>>> print(open('model.cif').read())   # mmCIF, C-alpha atoms and all ligand atoms
data_target
#
loop_
_atom_site.label_atom_id
_atom_site.label_comp_id
_atom_site.auth_asym_id
_atom_site.auth_seq_id
_atom_site.Cartn_x
_atom_site.Cartn_y
_atom_site.Cartn_z
CA MET G 1 -26.48 4.63 0.66
CA GLN G 2 -26.56 8.43 0.72
CA ARG G 3 -23.80 9.78 2.92
CA ILE G 4 -20.20 8.61 3.35
CA PHE G 5 -17.85 10.12 5.91
CA ILE G 6 -14.13 9.64 5.23
CA VAL G 7 -11.64 10.29 8.01
CA GLY G 8 -7.99 10.67 6.97
CA LEU G 9 -7.52 12.21 3.54
CA GLY G 10 -4.17 10.68 2.66
CA LEU G 11 -2.88 8.32 -0.01
CA ILE G 12 -5.25 5.47 0.79
CA GLY G 13 -8.34 7.42 1.90
CA GLY G 14 -7.91 9.76 -1.08
CA SER G 15 -7.56 6.88 -3.55
CA LEU G 16 -10.57 5.01 -2.20
CA ILE G 17 -12.80 8.05 -2.15
CA GLN G 18 -11.72 9.09 -5.66
CA ASN G 19 -12.83 5.72 -6.91
CA ILE G 20 -16.17 5.93 -5.07
CA LYS G 21 -16.80 9.51 -6.26
CA PHE G 22 -16.11 8.49 -9.86
CA HIS G 23 -18.44 5.50 -9.82
CA HIS G 24 -21.12 6.90 -7.47
CA PRO G 25 -21.28 10.66 -8.12
CA ASN G 26 -24.58 10.94 -6.24
CA ILE G 27 -23.27 9.74 -2.89
CA HIS G 28 -22.54 12.75 -0.68
CA ILE G 29 -19.02 12.55 0.76
CA THR G 30 -17.88 14.44 3.80
CA GLY G 31 -14.15 14.42 4.55
CA TYR G 32 -12.10 15.10 7.64
CA ASP G 33 -8.36 15.30 8.16
CA TYR G 34 -6.39 16.34 11.20
CA PHE G 35 -4.55 18.80 8.98
CA GLU G 36 -6.94 21.33 7.45
CA LYS G 37 -4.78 21.74 4.35
CA TYR G 38 -5.39 18.12 3.32
CA SER G 39 -9.16 18.59 3.62
CA ASP G 40 -8.83 21.74 1.50
CA ILE G 41 -6.81 19.88 -1.14
CA ALA G 42 -9.36 17.03 -1.23
CA LEU G 43 -12.18 19.55 -1.67
CA SER G 44 -10.32 21.32 -4.46
CA MET G 45 -9.69 17.94 -6.14
CA LYS G 46 -13.51 17.50 -5.99
CA ILE G 47 -13.16 14.08 -4.35
CA ILE G 48 -15.19 15.20 -1.32
CA ASP G 49 -18.31 17.38 -1.32
CA GLU G 50 -17.86 18.94 2.09
CA ILE G 51 -15.32 19.32 4.91
CA ALA G 52 -16.48 18.07 8.30
CA ILE G 53 -16.47 20.55 11.16
CA ASP G 54 -15.74 17.79 13.64
CA PHE G 55 -15.79 14.00 13.82
CA ASP G 56 -18.88 13.59 16.02
CA SER G 57 -21.36 15.61 13.98
CA SER G 58 -20.42 14.12 10.60
CA ALA G 59 -20.23 10.60 12.07
CA SER G 60 -23.79 10.95 13.39
CA GLU G 61 -25.10 11.82 9.89
CA ALA G 62 -23.24 9.09 7.96
CA ASP G 63 -24.52 5.82 6.47
CA LEU G 64 -20.94 4.59 6.05
CA ILE G 65 -17.71 5.72 7.65
CA ILE G 66 -14.25 4.99 6.23
CA LEU G 67 -11.39 5.33 8.71
CA ALA G 68 -8.17 5.89 6.74
CA THR G 69 -5.89 7.31 9.43
CA PRO G 70 -2.81 5.64 10.98
CA VAL G 71 -4.07 2.50 12.76
CA GLN G 72 -3.97 3.69 16.34
CA GLN G 73 -5.98 6.79 15.40
CA SER G 74 -8.58 4.62 13.65
CA ILE G 75 -8.95 2.53 16.82
CA GLU G 76 -9.56 5.73 18.82
CA TYR G 77 -12.28 6.75 16.33
CA GLY G 78 -13.77 3.24 16.59
CA LYS G 79 -13.98 3.69 20.38
CA ARG G 80 -15.48 7.15 19.93
CA LEU G 81 -18.33 5.63 17.89
CA LEU G 82 -19.35 3.68 21.01
CA GLU G 83 -19.92 7.00 22.79
CA ILE G 84 -21.90 9.06 20.26
CA ASN G 85 -25.27 8.89 18.50
CA THR G 86 -25.12 7.28 15.07
CA LYS G 87 -27.67 6.32 12.41
CA PRO G 88 -29.26 2.85 12.75
CA GLY G 89 -27.40 0.31 10.59
CA LEU G 90 -24.26 2.45 10.27
CA ILE G 91 -21.45 0.60 8.46
CA VAL G 92 -17.84 1.31 9.42
CA THR G 93 -14.79 0.15 7.55
CA ASP G 94 -11.11 1.08 7.78
CA THR G 95 -7.97 0.74 5.68
CA GLY G 96 -5.45 -0.01 8.42
CA SER G 97 -2.44 -2.26 7.89
CA THR G 98 -3.16 -4.12 11.15
CA LYS G 99 -6.57 -5.45 12.02
CA LEU G 100 -6.76 -7.02 15.49
CA GLY G 101 -6.98 -3.76 17.47
CA LEU G 102 -10.00 -2.31 15.67
CA SER G 103 -11.68 -5.68 15.03
CA SER G 104 -11.76 -6.36 18.77
CA LEU G 105 -14.48 -3.64 18.90
CA GLU G 106 -16.74 -5.48 16.41
CA SER G 107 -19.15 -7.08 18.91
CA LYS G 108 -19.41 -3.95 21.08
CA LEU G 109 -20.19 -1.84 18.01
CA LEU G 110 -22.76 -4.38 16.83
CA LYS G 111 -24.67 -3.93 20.10
CA LYS G 112 -25.08 -0.29 19.03
CA ASP G 113 -26.26 -1.38 15.54
CA ILE G 114 -22.90 -0.33 14.08
CA HIS G 115 -21.51 -2.85 11.60
CA LEU G 116 -17.73 -3.01 11.46
CA ILE G 117 -16.06 -4.56 8.43
CA GLY G 118 -12.30 -4.24 8.78
CA GLY G 119 -10.49 -3.56 5.51
CA HIS G 120 -6.92 -3.58 4.26
CA PRO G 121 -6.14 -2.77 0.64
CA MET G 122 -2.80 -4.49 0.09
CA ALA G 123 -1.49 -1.85 -2.28
CA GLY G 124 0.05 1.47 -1.71
CA SER G 125 3.30 3.25 -1.93
CA HIS G 126 6.10 4.73 0.12
CA LYS G 127 4.64 8.08 -0.97
CA SER G 128 1.90 9.43 1.25
CA GLY G 129 -0.71 12.17 1.10
CA VAL G 130 -3.87 12.89 -0.84
CA ILE G 131 -1.80 14.55 -3.54
CA ASN G 132 -0.38 11.14 -4.53
CA SER G 133 -3.76 9.40 -4.44
CA LYS G 134 -5.26 7.86 -7.57
CA LYS G 135 -8.47 6.02 -8.26
CA HIS G 136 -6.66 3.08 -9.90
CA LEU G 137 -4.38 2.41 -6.94
CA PHE G 138 -6.06 -0.83 -5.91
CA GLU G 139 -6.55 -2.35 -9.36
CA ASN G 140 -5.62 -6.03 -9.23
CA ALA G 141 -4.37 -5.75 -5.64
CA TYR G 142 -5.59 -7.96 -2.81
CA TYR G 143 -8.10 -6.28 -0.51
CA VAL G 144 -8.60 -8.08 2.80
CA LEU G 145 -12.02 -7.74 4.47
CA ILE G 146 -12.62 -8.85 8.03
CA TYR G 147 -15.65 -9.60 10.19
CA ASP G 148 -16.56 -12.25 12.72
CA GLU G 149 -20.23 -11.76 13.53
CA ASP G 150 -22.83 -13.45 11.26
CA GLU G 151 -25.03 -10.38 11.64
CA ASN G 152 -22.42 -8.38 9.74
CA GLU G 153 -22.73 -10.43 6.57
CA ALA G 154 -25.05 -7.92 4.84
CA ALA G 155 -22.67 -5.06 5.70
CA TYR G 156 -19.79 -7.12 4.27
CA SER G 157 -21.65 -7.50 0.96
CA GLU G 158 -22.42 -3.78 0.91
CA VAL G 159 -18.77 -2.78 1.49
CA LYS G 160 -17.58 -5.28 -1.11
CA ASN G 161 -20.09 -3.99 -3.69
CA LEU G 162 -19.13 -0.39 -3.02
CA PHE G 163 -15.42 -1.14 -3.47
CA GLU G 164 -15.88 -3.55 -6.40
CA PRO G 165 -15.09 -0.84 -9.06
CA THR G 166 -11.58 -0.50 -7.59
CA LYS G 167 -11.00 -3.87 -9.37
CA ALA G 168 -9.27 -5.17 -6.26
CA LYS G 169 -9.37 -8.89 -5.44
CA PHE G 170 -11.26 -9.37 -2.18
CA ILE G 171 -10.21 -11.91 0.42
CA LYS G 172 -12.02 -12.63 3.67
CA MET G 173 -9.69 -13.46 6.53
CA SER G 174 -9.62 -13.43 10.34
CA ALA G 175 -7.93 -10.45 11.98
CA LYS G 176 -5.56 -12.83 13.76
CA GLU G 177 -4.37 -14.54 10.57
CA HIS G 178 -4.17 -11.18 8.78
CA ASP G 179 -1.85 -9.63 11.37
CA TYR G 180 0.43 -12.67 11.33
CA VAL G 181 0.65 -12.85 7.51
CA THR G 182 1.16 -9.11 6.99
CA GLY G 183 3.76 -9.19 9.76
CA VAL G 184 5.75 -11.66 7.65
CA VAL G 185 5.22 -10.15 4.19
CA SER G 186 5.05 -6.43 4.92
CA HIS G 187 5.72 -5.17 8.45
CA PHE G 188 8.90 -7.10 9.23
CA PRO G 189 10.47 -6.28 5.83
CA HIS G 190 9.92 -2.60 6.67
CA VAL G 191 11.89 -3.03 9.89
CA ILE G 192 14.71 -4.64 7.94
CA ALA G 193 14.69 -1.95 5.21
CA SER G 194 14.97 0.84 7.79
CA SER G 195 17.68 -1.09 9.67
CA LEU G 196 19.72 -1.44 6.48
CA ILE G 197 19.52 2.32 6.03
CA HIS G 198 20.69 2.89 9.61
CA MET G 199 23.55 0.48 8.99
CA ASN G 200 24.54 2.37 5.85
CA GLU G 201 24.54 5.68 7.70
CA GLU G 202 26.69 4.30 10.55
CA ASN G 203 29.22 2.99 8.04
CA THR G 204 29.67 6.38 6.41
CA GLN G 205 31.91 7.13 9.39
CA VAL G 206 34.31 4.56 7.95
CA SER G 207 33.97 5.68 4.32
CA GLU G 208 31.80 8.34 2.64
CA TYR G 209 31.65 6.07 -0.44
CA VAL G 210 29.19 3.88 1.47
CA LYS G 211 26.64 6.57 0.70
CA THR G 212 27.89 7.41 -2.77
CA LEU G 213 27.78 3.83 -4.01
CA ALA G 214 24.43 2.97 -2.39
CA ALA G 215 22.58 2.57 -5.66
CA GLY G 216 20.92 -0.22 -7.65
CA GLY G 217 20.10 -3.18 -5.46
CA PHE G 218 20.54 -1.25 -2.23
CA ARG G 219 18.01 1.35 -3.33
CA ASP G 220 15.57 -1.37 -4.46
CA ILE G 221 15.71 -3.30 -1.21
CA THR G 222 15.37 -0.14 0.92
CA ARG G 223 12.73 1.76 -1.12
CA ILE G 224 10.08 1.16 1.54
CA ALA G 225 12.28 2.82 4.18
CA SER G 226 11.08 6.12 2.64
CA SER G 227 7.55 5.49 3.96
CA ASN G 228 5.62 7.67 6.38
CA ALA G 229 7.03 7.32 9.93
CA ASP G 230 3.68 8.07 11.69
CA MET G 231 2.03 5.23 9.85
CA TRP G 232 4.85 2.75 10.53
CA ARG G 233 5.09 3.76 14.19
CA ASP G 234 1.44 2.76 14.63
CA ILE G 235 1.78 -0.48 12.63
CA THR G 236 4.82 -1.49 14.68
CA LEU G 237 3.08 -0.78 17.98
CA GLU G 238 -0.06 -2.64 16.90
CA ASN G 239 1.79 -5.70 15.58
CA LYS G 240 4.46 -5.73 18.28
CA LYS G 241 3.90 -9.35 19.34
CA HIS G 242 4.42 -10.81 15.86
CA LEU G 243 7.29 -8.45 15.10
CA VAL G 244 9.19 -9.51 18.21
CA THR G 245 8.74 -13.21 17.34
CA LEU G 246 9.80 -12.59 13.73
CA MET G 247 12.82 -10.66 14.95
CA GLU G 248 13.82 -13.63 17.16
CA ASN G 249 13.50 -15.97 14.16
CA TRP G 250 15.52 -13.54 12.07
CA ILE G 251 18.32 -13.27 14.64
CA GLU G 252 18.51 -17.07 14.76
CA GLN G 253 18.62 -17.23 10.95
CA MET G 254 21.34 -14.56 10.85
CA GLU G 255 23.39 -16.57 13.37
CA GLN G 256 23.15 -19.59 11.06
CA THR G 257 24.05 -17.43 8.06
CA LYS G 258 27.05 -16.03 9.93
CA GLU G 259 28.27 -19.58 10.63
CA LEU G 260 27.70 -20.52 6.99
CA ILE G 261 29.92 -17.64 5.87
CA GLN G 262 32.56 -18.32 8.54
CA GLU G 263 32.77 -22.01 7.52
CA GLY G 264 33.24 -20.93 3.90
CA ASN G 265 31.83 -24.08 2.26
CA PRO G 266 31.24 -23.01 -1.39
CA ALA G 267 28.52 -25.61 -2.05
CA LEU G 268 26.50 -24.60 1.02
CA ILE G 269 26.88 -20.89 0.25
CA HIS G 270 25.72 -21.54 -3.31
CA ASP G 271 22.74 -23.43 -1.94
CA PHE G 272 21.88 -20.49 0.35
CA TYR G 273 21.53 -18.17 -2.66
CA GLN G 274 20.12 -20.74 -5.07
CA SER G 275 17.30 -21.90 -2.78
CA ALA G 276 16.34 -18.26 -2.08
CA LYS G 277 16.30 -17.56 -5.83
CA THR G 278 14.22 -20.66 -6.57
CA TYR G 279 11.60 -19.70 -3.97
CA ARG G 280 11.52 -16.02 -4.98
CA ASP G 281 11.24 -16.79 -8.68
CA GLN G 282 8.02 -18.69 -8.12
CA LEU G 283 6.36 -15.99 -5.97
CA PRO G 284 3.28 -14.56 -7.71
CA ILE G 285 5.07 -11.29 -8.52
CA LYS G 286 3.42 -10.76 -11.88
CA GLU G 287 0.25 -9.79 -10.05
CA GLN G 288 -0.11 -6.40 -8.46
CA GLY G 289 0.50 -6.92 -4.75
CA ALA G 290 1.65 -5.24 -1.58
CA LEU G 291 5.06 -4.70 -3.08
CA THR G 292 4.12 -2.94 -6.29
CA SER G 293 1.90 0.02 -6.82
CA THR G 294 2.49 0.75 -10.49
CA PHE G 295 2.35 -1.34 -13.61
CA ASP G 296 5.91 -1.52 -14.89
CA LEU G 297 7.14 -2.68 -18.26
CA TYR G 298 10.79 -3.21 -19.17
CA VAL G 299 11.83 -2.55 -22.75
CA ASP G 300 15.20 -3.64 -24.09
CA ILE G 301 16.70 -0.91 -26.21
CA PRO G 302 19.79 -1.17 -28.35
CA ASP G 303 22.28 1.51 -27.30
CA LYS G 304 21.97 3.74 -30.34
CA PRO G 305 20.68 7.29 -30.73
CA GLY G 306 16.96 7.94 -30.97
CA MET G 307 15.73 4.65 -29.43
CA ILE G 308 14.13 6.23 -26.37
CA SER G 309 12.26 8.81 -28.40
CA GLU G 310 11.15 6.00 -30.75
CA VAL G 311 9.56 4.18 -27.79
CA THR G 312 7.79 7.31 -26.50
CA ARG G 313 6.68 8.21 -30.05
CA ILE G 314 5.03 4.81 -30.54
CA LEU G 315 3.25 5.09 -27.17
CA GLY G 316 2.17 8.66 -27.90
CA GLN G 317 0.76 7.62 -31.25
CA SER G 318 -1.27 4.91 -29.53
CA HIS G 319 -2.50 7.43 -26.89
CA ILE G 320 -0.97 5.46 -24.03
CA SER G 321 0.14 7.59 -21.06
CA ILE G 322 3.35 6.81 -19.20
CA THR G 323 3.38 7.75 -15.50
CA ASN G 324 7.13 7.29 -15.12
CA ILE G 325 10.14 6.46 -17.24
CA ARG G 326 13.61 5.40 -16.10
CA ILE G 327 16.72 4.30 -17.96
CA LEU G 328 18.42 1.30 -16.39
CA GLU G 329 21.98 0.11 -16.83
CA VAL G 330 22.82 1.85 -20.08
CA ARG G 331 26.51 1.61 -20.83
CA GLU G 332 28.33 2.10 -24.08
CA ASP G 333 28.77 -1.55 -24.91
CA ILE G 334 25.58 -3.19 -23.72
CA MET G 335 21.87 -3.15 -24.38
CA GLY G 336 19.98 -0.82 -22.09
CA ALA G 337 16.58 -1.24 -20.57
CA LEU G 338 13.85 1.31 -20.14
CA ARG G 339 11.47 0.92 -17.25
CA LEU G 340 8.10 2.39 -18.16
CA SER G 341 5.33 2.74 -15.55
CA PHE G 342 1.64 2.83 -16.41
CA LYS G 343 -1.39 3.64 -14.36
CA SER G 344 -3.25 0.41 -15.14
CA SER G 345 -2.62 -3.12 -16.35
CA ASN G 346 -4.73 -2.34 -19.41
CA ASP G 347 -2.38 0.49 -20.43
CA ARG G 348 0.59 -1.81 -19.91
CA ASP G 349 -1.00 -4.56 -22.06
CA ARG G 350 -1.66 -2.03 -24.83
CA ALA G 351 1.95 -0.83 -24.58
CA ILE G 352 3.26 -4.38 -24.99
CA GLU G 353 1.22 -4.70 -28.16
CA ALA G 354 2.24 -1.29 -29.53
CA LEU G 355 5.92 -1.98 -28.84
CA ASN G 356 5.91 -5.34 -30.62
CA THR G 357 9.10 -4.53 -32.50
CA PHE G 358 10.96 -4.32 -29.16
CA ASP G 359 11.67 -7.02 -26.59
CA THR G 360 9.48 -6.22 -23.61
CA TYR G 361 9.07 -7.98 -20.30
CA THR G 362 7.39 -7.58 -16.91
CA LEU G 363 8.84 -8.73 -13.59
N1 LIG A 401 0.58 3.76 2.46
C1 LIG A 401 0.27 2.53 2.12
O1 LIG A 401 0.91 2.02 1.25
C2 LIG A 401 -0.85 1.83 2.82
C3 LIG A 401 -1.42 2.28 3.99
N2 LIG A 401 -2.44 1.59 4.58
C4 LIG A 401 -3.07 2.06 5.83
O2 LIG A 401 -3.98 3.09 5.49
C5 LIG A 401 -3.99 4.09 6.50
C6 LIG A 401 -3.66 5.44 5.88
O3 LIG A 401 -2.38 5.37 5.28
P1 LIG A 401 -1.93 6.42 4.16
O4 LIG A 401 -3.10 6.92 3.43
O5 LIG A 401 -0.82 5.80 3.42
O6 LIG A 401 -1.32 7.56 5.06
P2 LIG A 401 -1.20 9.12 4.74
O7 LIG A 401 -0.18 9.65 5.67
O8 LIG A 401 -1.06 9.35 3.29
O9 LIG A 401 -2.63 9.62 5.19
C7 LIG A 401 -3.12 9.59 6.50
C8 LIG A 401 -3.91 10.85 6.73
O10 LIG A 401 -4.52 10.78 8.02
C9 LIG A 401 -4.43 12.05 8.62
N3 LIG A 401 -4.55 11.89 10.05
C10 LIG A 401 -3.62 11.46 10.94
N4 LIG A 401 -4.15 11.42 12.17
C11 LIG A 401 -5.43 11.83 12.06
C12 LIG A 401 -6.49 11.99 12.98
N5 LIG A 401 -6.36 11.70 14.27
N6 LIG A 401 -7.69 12.44 12.50
C13 LIG A 401 -7.87 12.73 11.18
N7 LIG A 401 -6.90 12.59 10.27
C14 LIG A 401 -5.70 12.14 10.70
C15 LIG A 401 -3.09 12.59 8.16
O11 LIG A 401 -3.04 14.00 8.27
C16 LIG A 401 -3.03 12.11 6.71
O12 LIG A 401 -3.56 13.05 5.80
C17 LIG A 401 -3.01 3.64 7.57
O13 LIG A 401 -3.74 3.03 8.61
C18 LIG A 401 -2.14 2.64 6.86
O14 LIG A 401 -1.68 1.67 7.77
C19 LIG A 401 -2.98 0.47 4.00
C20 LIG A 401 -2.46 0.00 2.83
C21 LIG A 401 -1.36 0.61 2.16
O1 LIG A 402 5.48 0.69 -0.76
C1 LIG A 402 5.15 -0.48 -0.77
O2 LIG A 402 5.43 -1.23 -1.70
C2 LIG A 402 4.35 -1.00 0.35
O3 LIG A 402 4.82 -1.75 1.15
C3 LIG A 402 2.94 -0.56 0.35
C4 LIG A 402 2.10 -1.01 1.50
C5 LIG A 402 2.27 -0.41 2.73
C6 LIG A 402 1.43 -0.80 3.78
C7 LIG A 402 0.48 -1.76 3.59
O4 LIG A 402 -0.31 -2.12 4.60
C8 LIG A 402 0.30 -2.36 2.35
C9 LIG A 402 1.11 -1.97 1.30
#
>>> encode(input="model.cif", output="structure tokens", more="lines below")
Ligand SMILES: NC(=O)C1=CN([C@@H]2O[C@H](COP(=O)(O)OP(=O)(O)OC[C@H]3O[C@@H](n4cnc5c(N)ncnc54)[C@H](O)[C@@H]3O)[C@@H](O)[C@H]2O)C=CC1
Ligand SMILES: O=C(O)C(=O)Cc1ccc(O)cc1
Amino acid sequence: MQRIFIVGLGLIGGSLIQNIKFHHPNIHITGYDYFEKYSDIALSMKIIDEIAIDFDSSASEADLIILATPVQQSIEYGKRLLEINTKPGLIVTDTGSTKLGLSSLESKLLKKDIHLIGGHPMAGSHKSGVINSKKHLFENAYYVLIYDEDENEAAYSEVKNLFEPTKAKFIKMSAKEHDYVTGVVSHFPHVIASSLIHMNEENTQVSEYVKTLAAGGFRDITRIASSNADMWRDITLENKKHLVTLMENWIEQMEQTKELIQEGNPALIHDFYQSAKTYRDQLPIKEQGALTSTFDLYVDIPDKPGMISEVTRILGQSHISITNIRILEVREDIMGALRLSFKSSNDRDRAIEALNTFDTYTL
């Protein structure tokens, strides 16, 4: 493979291409973004070799195209490929959070000797843009790959081999199953997170403290409401059918929950929380997944002077970089916890070892 064309130089496109550039410096990478400034940034970061003048000319020279734009834009580019001249055996993959729309073009593209392998790296962040991209972003995350046609098997292996150094865990799935599952685990929770924020804002009319006291758990559960609205508009439109069904289920469940609260039976209310806790506690949350993008480590620190600098000193001595540090729940009379973020699981493992005189834990 000699030439890759990446369309959409944002968080995901930027991260993927950084990884490819690092492991395959000889592959020529052309980049294109709707906003010129993002192409300029990507060029200055040296993660692309050249900025495309337009989609058509760079697409016609490419051996592999990566579509990393909001999903509806990627579908438009997929359709455009049916209209223009492309190299024989061209491979196309995307990074979109929904898969059915683009994958429905697979057989048409195949007739033009274009091999579509849908892709969805199930890792990311509420932060967008090439500036936040990093080559480790997909380490240990699930990466869904999608194709239907037997003739696309070789292209599937090629895409998988190219992305293997990301250290993602590849799963092959149908587009239909993918859109249903991600609707449940990712898209619908985004709707709820944004709705909770709207609810908070409406209630500030009753008391301003609703905003002031919105910390801790409320911030955790609504973090993803800070995501890019263009991206979530497209995901919502593309996965509308599942989202409407999930919303109906949710409304029904909320009705039952309302009755549970109105009835006020302590044992049943306890069971409501306990059964949720039991199920959540056995989710595979230790692994990097769609809900985490950094490798966090919690360190218990006695509330006495110098403990935080002691932790950072030990890590510094062991040459382990911290990407973020946050102090949680430190009050005068209790132990505090430090949340340290690392860029890879390896760094976190080394930190656990280096901090062996402290109690450390991961969630
Ligand atoms: N953010 C996340 O956590 C994840 C996002 N995805 C998917 O990856 C894709 C990209 O998402 P991000 O990188 O997060 O978004 P982003 O907003 O960071 O980057 C998207 C880039 O595409 C550019 N763009 C928009 N329309 C364009 C067009 N018509 N032509 C060329 N460039 C265009 C934007 O200017 C932007 O630079 C989306 O389809 C999203 O659903 C997948 C996994 C995780
Ligand atoms: O910010 C988060 O934790 C996310 O939810 C990241 C994310 C966003 C979109 C995807 O398709 C997959 C992962």
>>> residues_around(input="model.cif", residues="region 112-119 of chain G", least_positions_apart="5", cutoff="6 Å", atoms="all atoms listed in the file", output="list in words")
Pro88, Gly89, Leu90, Ile91, Val92, Thr93, Asp94, Thr95, Glu106, Val144, Leu145, Ile146, Tyr147 and Asn152 of chain G
>>> residues_around(input="model.cif", residues="region 225-239 of chain G", least_positions_apart="4", cutoff="6 Å", atoms="all atoms listed in the file", output="list in words")
Pro70, Val71, Gln72, His126, Ala193 and Ser194 of chain G
>>> closest_residue(input="model.cif", among="G:Lys240, G:Thr182, G:Ile20, G:Ala141", to="Pro284 (chain G)", atoms="all atoms listed in the file")
G:Ala141
>>> residues_near_ligand(input="model.cif", ligand="ligand LIG 401 (chain A)", cutoff="7 Å", atoms="all atoms listed in the file", output="NGL selection string")
:G and (7-13 or 32-35 or 38 or 68-71 or 73 or 95-98 or 120-130 or 228 or 231 or 235)
>>> closest_residue(input="model.cif", among="G:Leu102, G:Val181, G:Ile301, G:Ile27", to="Asp359 (chain G)", atoms="only C-alpha atoms")
G:Ile301
>>> closest_residue(input="model.cif", among="G:Thr204, G:Thr30, G:Ser58, G:Thr312", to="Asn324 (chain G)", atoms="all atoms listed in the file")
G:Thr312
>>> closest_residue(input="model.cif", among="G:Pro266, G:Gly217, G:Gly306, G:Gly183", to="ligand LIG 402 (chain A)", atoms="all atoms listed in the file")
G:Gly183
>>> decode(input="model.cif", residues="region 268-280 of chain G", atoms="N, CA and C atoms", output="compact mmCIF listing (two decimals), in the first residue's frame")
# COMPACT_ATOMS: atom_id res chain seq x y z
N LEU G 268 -38.74 -2.76 47.90
CA LEU G 268 -38.71 -2.72 46.44
C LEU G 268 -37.78 -1.62 45.94
N ILE G 269 -37.77 -0.49 46.67
CA ILE G 269 -36.86 0.60 46.26
C ILE G 269 -35.40 0.17 46.45
N HIS G 270 -35.14 -0.53 47.55
CA HIS G 270 -33.79 -1.05 47.77
C HIS G 270 -33.40 -1.99 46.64
N ASP G 271 -34.34 -2.84 46.25
CA ASP G 271 -34.06 -3.81 45.19
C ASP G 271 -33.75 -3.11 43.86
N PHE G 272 -34.46 -1.99 43.61
CA PHE G 272 -34.23 -1.21 42.38
C PHE G 272 -32.76 -0.78 42.30
N TYR G 273 -32.24 -0.23 43.41
CA TYR G 273 -30.84 0.21 43.41
C TYR G 273 -29.86 -0.97 43.48
N GLN G 274 -30.21 -1.96 44.31
CA GLN G 274 -29.28 -3.07 44.51
C GLN G 274 -29.09 -3.88 43.23
N SER G 275 -30.20 -4.14 42.51
CA SER G 275 -30.05 -4.96 41.29
C SER G 275 -29.28 -4.18 40.22
N ALA G 276 -29.46 -2.84 40.18
CA ALA G 276 -28.67 -2.04 39.23
C ALA G 276 -27.19 -2.11 39.60
N LYS G 277 -26.91 -1.99 40.90
CA LYS G 277 -25.51 -2.04 41.35
C LYS G 277 -24.87 -3.40 41.02
N THR G 278 -25.63 -4.47 41.29
CA THR G 278 -25.09 -5.81 41.05
C THR G 278 -24.73 -5.97 39.58
N TYR G 279 -25.64 -5.54 38.69
CA TYR G 279 -25.37 -5.69 37.25
C TYR G 279 -24.19 -4.80 36.84
N ARG G 280 -24.20 -3.55 37.29
CA ARG G 280 -23.12 -2.62 36.89
C ARG G 280 -21.75 -3.10 37.38
